[in-house]
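Only one structure is covered here, and it is reproduced in the block below.
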Amino acid sequence: MVYGTDTQLDDVISENASVALGASVSQRYNGNLPFLFKVLSIEKALSIQAHPDKQLAQQLHAMRPNDYKDGNHKPEMSIALTDFIALSGFRPLDEIAAFLDVYPEFSALVSGAAPEFRRAVAEGTDSERRSALKALFAELMMARDEDVRKQVEALVARVSEPSCNGTELDVSEAALVRRLNNDYPGDVGIFCVFMLNVLRLRAGDAFYMGPNDPHAYIYGDCIECMATSDNVVRAGLTPKQRDVQVLVDMLTYDYGAPSHKLMQPEHKSSVHALYNPPIDEFSVVRSSVNAGERADLEAIDGPRILLVAEGSGTLCVGTDEMPLGPGFVYFVCPSTVCTFAADTALVAYTAQCE
């Protein structure tokens with residue numbers, strides 16, 4: 001919504017997309033802004049989910065348009081604004097196998113798939129390991145509700161001993177089980193702590209979630225940018241519709257250490273750092289300007305959305321000056337040079353496509 005009006009940004013863009021987006025971006029994305037830009041503050045965990053690739057998105061949209069509203073993919077990137085906890089991608093397989101031994105409640109829900117999973121981890125090919133991981137995950141997510149509730153109850157009793165109590169940012173398995181059970185009592189998604197990587201990020205850390213990549217946000221504040229789509233396939237930690245079979249079938253079953261999920265920004269200068277995921281729809285620039293200083297954000301041949309996270313100052317565009325403060329958002333047309341003039345230390349994030 002444009003400040004002080006009832007006009008939506010989409011309406012402004014549609015009036016002259018080639019001017020608002022640039023000729024190239026407008027042509028490639030049919031006159032639509034190719035990304036969504038959000039700030040999220042997570043106190044209660046968000047669902048175990050993934051987003052389909054373009055081919056699957058088109059199939060789901062054609063078959064179930066009421067559930068899947070469009071035919072686009074939805075790769076995402078999140079940049080932590082505070083300490084942040086998330087689940088993303090499957091753990092190294094030997095870690096999952098170890099949890100099967102440590103937590104009988106977990107192994108009880110996957111007793112059919114666990115033997116082949118252990119064998120594949122010990123001596124299987126990559127293809128066999130992925131197949132065994134899929135079977136293990138499928139058995140877990142499709143377990144009967146009464147069996148899940150029974151095993152969650154036993155698991156929570158085990159990890160609720162006084163010696164297990166931790167801090168709000170504790171990412172131990174015990175602490176996460178307690179947190180998720182408080183958020184979603186008896187939910188099967190609680191056991192995903194034993195299958196998915198746990199990420200603990202500091203402010204400025206980022207991670208990328210590609211198509212068909214399982215993830216969940218657990219706690220903290222973040223900037224989130226994604227391709228323009230509403231397609232979400234959920235399977236746990238949610239009161240919303242679950243589409244477990246679709247989720248199980250769509251995942252790539254890539255696995256590995258959590259470090260491979262993290263993105264390192266490219267420092268363009270002492271002020272600007274570029275987070276550039278492996279897709280065309282967006283990248284994000286983090287700008288940190290010291291109090292009393294000025295810094296230019298050079299023009300590009302595409303649209304931008306600029307959001308202030310911290311500090312105050314002025315945004316200068318030609319002879320125009322506009323105020324900057326936490327939560328201020330500006331749409332910037334192509335070929336526009338912006339100058340940050342910081343009164344206090346200023347941090348801004350700018351999503352862009354060129």
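Chain labels A, B, ... are given in the sequence in which chains occur in the structure tokens; within each chain residues are numbered consecutively from 1, and ligands are likewise numbered from 1 in the order shown.
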Next item on the list: Just the strand (DSSP E or B) stuff from segment 70-168 of chain A, please, per backbone DSSP, written as a ChimeraX atom specification.
Entry: /A:76-80,84-90
- Polymer residues at most 12 Å from Tyr253 of chain A, only C-alpha atoms, same-chain spacing of 2 or more positions, as a PyMOL selection string: chain A and resi 50+88-93+126-138+195-196+211-214+247-251+255-256
Exercise for review: Quick one: everything within 9 Å of Val193 of chain A, counting only C-alpha atoms, minus sequence neighbours fewer than 4 positions away in the same chain. Send it as a list in words.
Suggested key: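 Using only C-alpha atoms, the neighbours found are Leu87, Glu173, Leu176, Val177, Gly189, Asn197 and Val198 of chain A.
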Could you give me, as JSON lines, every segment 23-125 of chain A residue with an atom at most 12 Å from segment 283-291 of chain A, plus its closest atom pair and distance in Å to one decimal, counting only C-alpha atoms, rows ordered by chain then number?
{"residue": "A:Pro34", "atom": "CA", "partner": "A:Ser283", "partner_atom": "CA", "distance": 11.0}
{"residue": "A:Phe35", "atom": "CA", "partner": "A:Ser283", "partner_atom": "CA", "distance": 9.4}
{"residue": "A:Leu36", "atom": "CA", "partner": "A:Ser283", "partner_atom": "CA", "distance": 11.2}
{"residue": "A:Phe37", "atom": "CA", "partner": "A:Val284", "partner_atom": "CA", "distance": 9.6}
{"residue": "A:Lys38", "atom": "CA", "partner": "A:Val284", "partner_atom": "CA", "distance": 11.8}
{"residue": "A:Pro75", "atom": "CA", "partner": "A:Ser283", "partner_atom": "CA", "distance": 11.6}
{"residue": "A:Glu76", "atom": "CA", "partner": "A:Ser283", "partner_atom": "CA", "distance": 10.3}
{"residue": "A:Met77", "atom": "CA", "partner": "A:Ser283", "partner_atom": "CA", "distance": 8.8}
{"residue": "A:Ser78", "atom": "CA", "partner": "A:Val284", "partner_atom": "CA", "distance": 9.9}
{"residue": "A:Ile79", "atom": "CA", "partner": "A:Val284", "partner_atom": "CA", "distance": 9.2}
{"residue": "A:Ala80", "atom": "CA", "partner": "A:Arg286", "partner_atom": "CA", "distance": 11.4}
{"residue": "A:Leu81", "atom": "CA", "partner": "A:Arg286", "partner_atom": "CA", "distance": 11.0}
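Among the candidates A:Leu56, A:Val332, A:Val121, A:Val308, the residue lying nearest to Val246 of chain A is A:Leu56 (atoms considered: only C-alpha atoms).
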Write down as a count of residues only the residues belonging to segment 126-346 of chain A that are assigned helix (DSSP H, G or I) by DSSP computed on the backbone.
63
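Taking atom CA of Leu315 of chain A and atom CA of Phe340 of chain A as endpoints, the distance between them is 5.0 Å.
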Exercise for the section: Using only C-alpha atoms, determine which residues lie at most 10 Å from Arg234 of chain A, disregarding the query and same-chain residues fewer than 6 positions distant; provide the list as a list of chain:residue names. Expected result: A:Leu46, A:Ser47, A:Ile48, A:Gln49, A:Ala50, A:His51, A:Pro214, A:His215, A:Ala216, A:Lys240, A:Gln241, A:Arg242, A:Asp243, A:Val244, A:Gln245, A:Val246, A:Leu247
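With only C-alpha atoms taken into account, the protein and nucleic acid residues at most 8 Å from Ile13 of chain A (excluding it and anything under 3 positions from it in its own chain) are Leu9, Asp10, Asn16, Ala17, Ala20, Leu21, Gly31, Asn32 and Leu33 of chain A.
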I need the chosen residues saved as a compact mmCIF listing (two decimals), in the first residue's frame, with C-alpha atoms.
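Done, and the output landed in part10.txt:
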# COMPACT_ATOMS: atom_id res chain seq x y z
CA LEU A 9 2.01 -1.04 -5.21
CA ASP A 10 0.82 -3.48 -7.88
CA ASN A 16 3.54 1.74 -16.52
CA ALA A 17 5.45 -1.48 -15.87
CA ALA A 20 8.49 0.97 -12.76
CA LEU A 21 10.35 -2.28 -13.42
CA GLY A 31 4.88 -6.73 -16.03
CA ASN A 32 4.96 -8.09 -12.47
CA LEU A 33 7.36 -7.43 -9.62
Determine the nearest neighbour of Tyr217 of chain A from the options A:Phe84, A:Tyr29, A:Tyr3, A:Phe191, counting only C-alpha atoms.
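Among the listed residues, the smallest separation from Tyr217 of chain A belongs to A:Phe84.
Interatomic distance, atom CA of Asn72 of chain A to atom CA of Ile300 of chain A: 24.9 Å.
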Which of these, A:Thr82, A:Gly318, A:Asp343, A:Glu281, has the shortest distance to Glu293 of chain A once you count only C-alpha atoms?
->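 Closest to Glu293 of chain A of all the choices is A:Asp343.
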**OP:** Would you list the contacts of Gly311 of chain A as a list in words, taking every protein, DNA or RNA residue within 8 Å and counting only C-alpha atoms, but skipping same-chain residues closer than 5 positions in sequence?
**Re:**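 Contacts, in chain order: Leu324, Gly325, Pro326, Ala342, Asp343, Thr344, Ala345, Leu346 and Val347 of chain A.
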For Val148 of chain A: contacts at 9 Å, only C-alpha atoms, fewer than 3 positions along chain excluded, given as a list in words:
Glu105, Leu109, Leu140, Ala143, Arg144, Asp145, Gln151, Val152, Glu153, Gly186, Asp187 and Val188 of chain A
Selection from above, N, CA, C and O atoms, as an mmCIF file, in the first residue's frame, can you write it?
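Generated file (selection.cif):
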data_model
loop_
_atom_site.group_PDB
_atom_site.id
_atom_site.type_symbol
_atom_site.label_atom_id
_atom_site.label_comp_id
_atom_site.auth_asym_id
_atom_site.auth_seq_id
_atom_site.Cartn_x
_atom_site.Cartn_y
_atom_site.Cartn_z
ATOM 1 N N GLU A 105 11.779 -43.112 21.176
ATOM 2 C CA GLU A 105 10.487 -42.591 20.721
ATOM 3 C C GLU A 105 10.524 -42.288 19.221
ATOM 4 O O GLU A 105 9.537 -42.513 18.510
ATOM 5 N N LEU A 109 8.603 -44.724 15.775
ATOM 6 C CA LEU A 109 7.712 -44.233 14.722
ATOM 7 C C LEU A 109 8.210 -44.580 13.324
ATOM 8 O O LEU A 109 7.477 -44.425 12.348
ATOM 9 N N LEU A 140 7.763 -41.443 9.105
ATOM 10 C CA LEU A 140 7.576 -40.530 10.233
ATOM 11 C C LEU A 140 6.382 -39.615 10.010
ATOM 12 O O LEU A 140 5.482 -39.530 10.856
ATOM 13 N N ALA A 143 2.913 -41.264 10.141
ATOM 14 C CA ALA A 143 2.573 -42.075 11.317
ATOM 15 C C ALA A 143 1.183 -41.706 11.833
ATOM 16 O O ALA A 143 0.721 -40.566 11.699
ATOM 17 N N ARG A 144 0.531 -42.666 12.437
ATOM 18 C CA ARG A 144 -0.817 -42.433 12.970
ATOM 19 C C ARG A 144 -0.756 -41.395 14.085
ATOM 20 O O ARG A 144 0.169 -41.382 14.908
ATOM 21 N N ASP A 145 -1.770 -40.546 14.137
ATOM 22 C CA ASP A 145 -1.786 -39.457 15.118
ATOM 23 C C ASP A 145 -1.675 -39.981 16.542
ATOM 24 O O ASP A 145 -0.955 -39.398 17.371
ATOM 25 N N GLN A 151 4.247 -41.128 21.524
ATOM 26 C CA GLN A 151 5.707 -41.021 21.530
ATOM 27 C C GLN A 151 6.171 -39.607 21.885
ATOM 28 O O GLN A 151 7.213 -39.448 22.537
ATOM 29 N N VAL A 152 5.413 -38.590 21.488
ATOM 30 C CA VAL A 152 5.754 -37.226 21.906
ATOM 31 C C VAL A 152 5.652 -37.101 23.422
ATOM 32 O O VAL A 152 6.523 -36.501 24.068
ATOM 33 N N GLU A 153 4.607 -37.660 23.980
ATOM 34 C CA GLU A 153 4.433 -37.600 25.439
ATOM 35 C C GLU A 153 5.635 -38.238 26.144
ATOM 36 O O GLU A 153 6.166 -37.680 27.119
ATOM 37 N N GLY A 186 2.049 -32.443 20.792
ATOM 38 C CA GLY A 186 1.785 -33.732 20.171
ATOM 39 C C GLY A 186 1.950 -33.781 18.675
ATOM 40 O O GLY A 186 1.554 -34.777 18.042
ATOM 41 N N ASP A 187 2.572 -32.769 18.067
ATOM 42 C CA ASP A 187 2.669 -32.706 16.606
ATOM 43 C C ASP A 187 3.847 -33.535 16.098
ATOM 44 O O ASP A 187 4.938 -33.539 16.695
ATOM 45 N N VAL A 188 3.652 -34.189 14.955
ATOM 46 C CA VAL A 188 4.711 -35.017 14.369
ATOM 47 C C VAL A 188 5.924 -34.183 13.976
ATOM 48 O O VAL A 188 7.062 -34.677 13.944
#
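With only C-alpha atoms as the atoms that count, the minimum distance from Gly313 of chain A to the choices A:Thr339, A:Ala299, A:Val110, A:Ala120 is reached by A:Thr339.
Of the listed residues (A:Phe331, A:Tyr349, A:Phe207, A:Phe194), A:Phe194 comes nearest to Phe99 of chain A; the distances count only C-alpha atoms.
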query: With only C-alpha atoms as the basis for distance, which of A:Val171, A:Ile42, A:Ala122, A:Val233 is at the shortest distance from Lys69 of chain A?
result: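 Selected residue with least distance to Lys69 of chain A: A:Val233.
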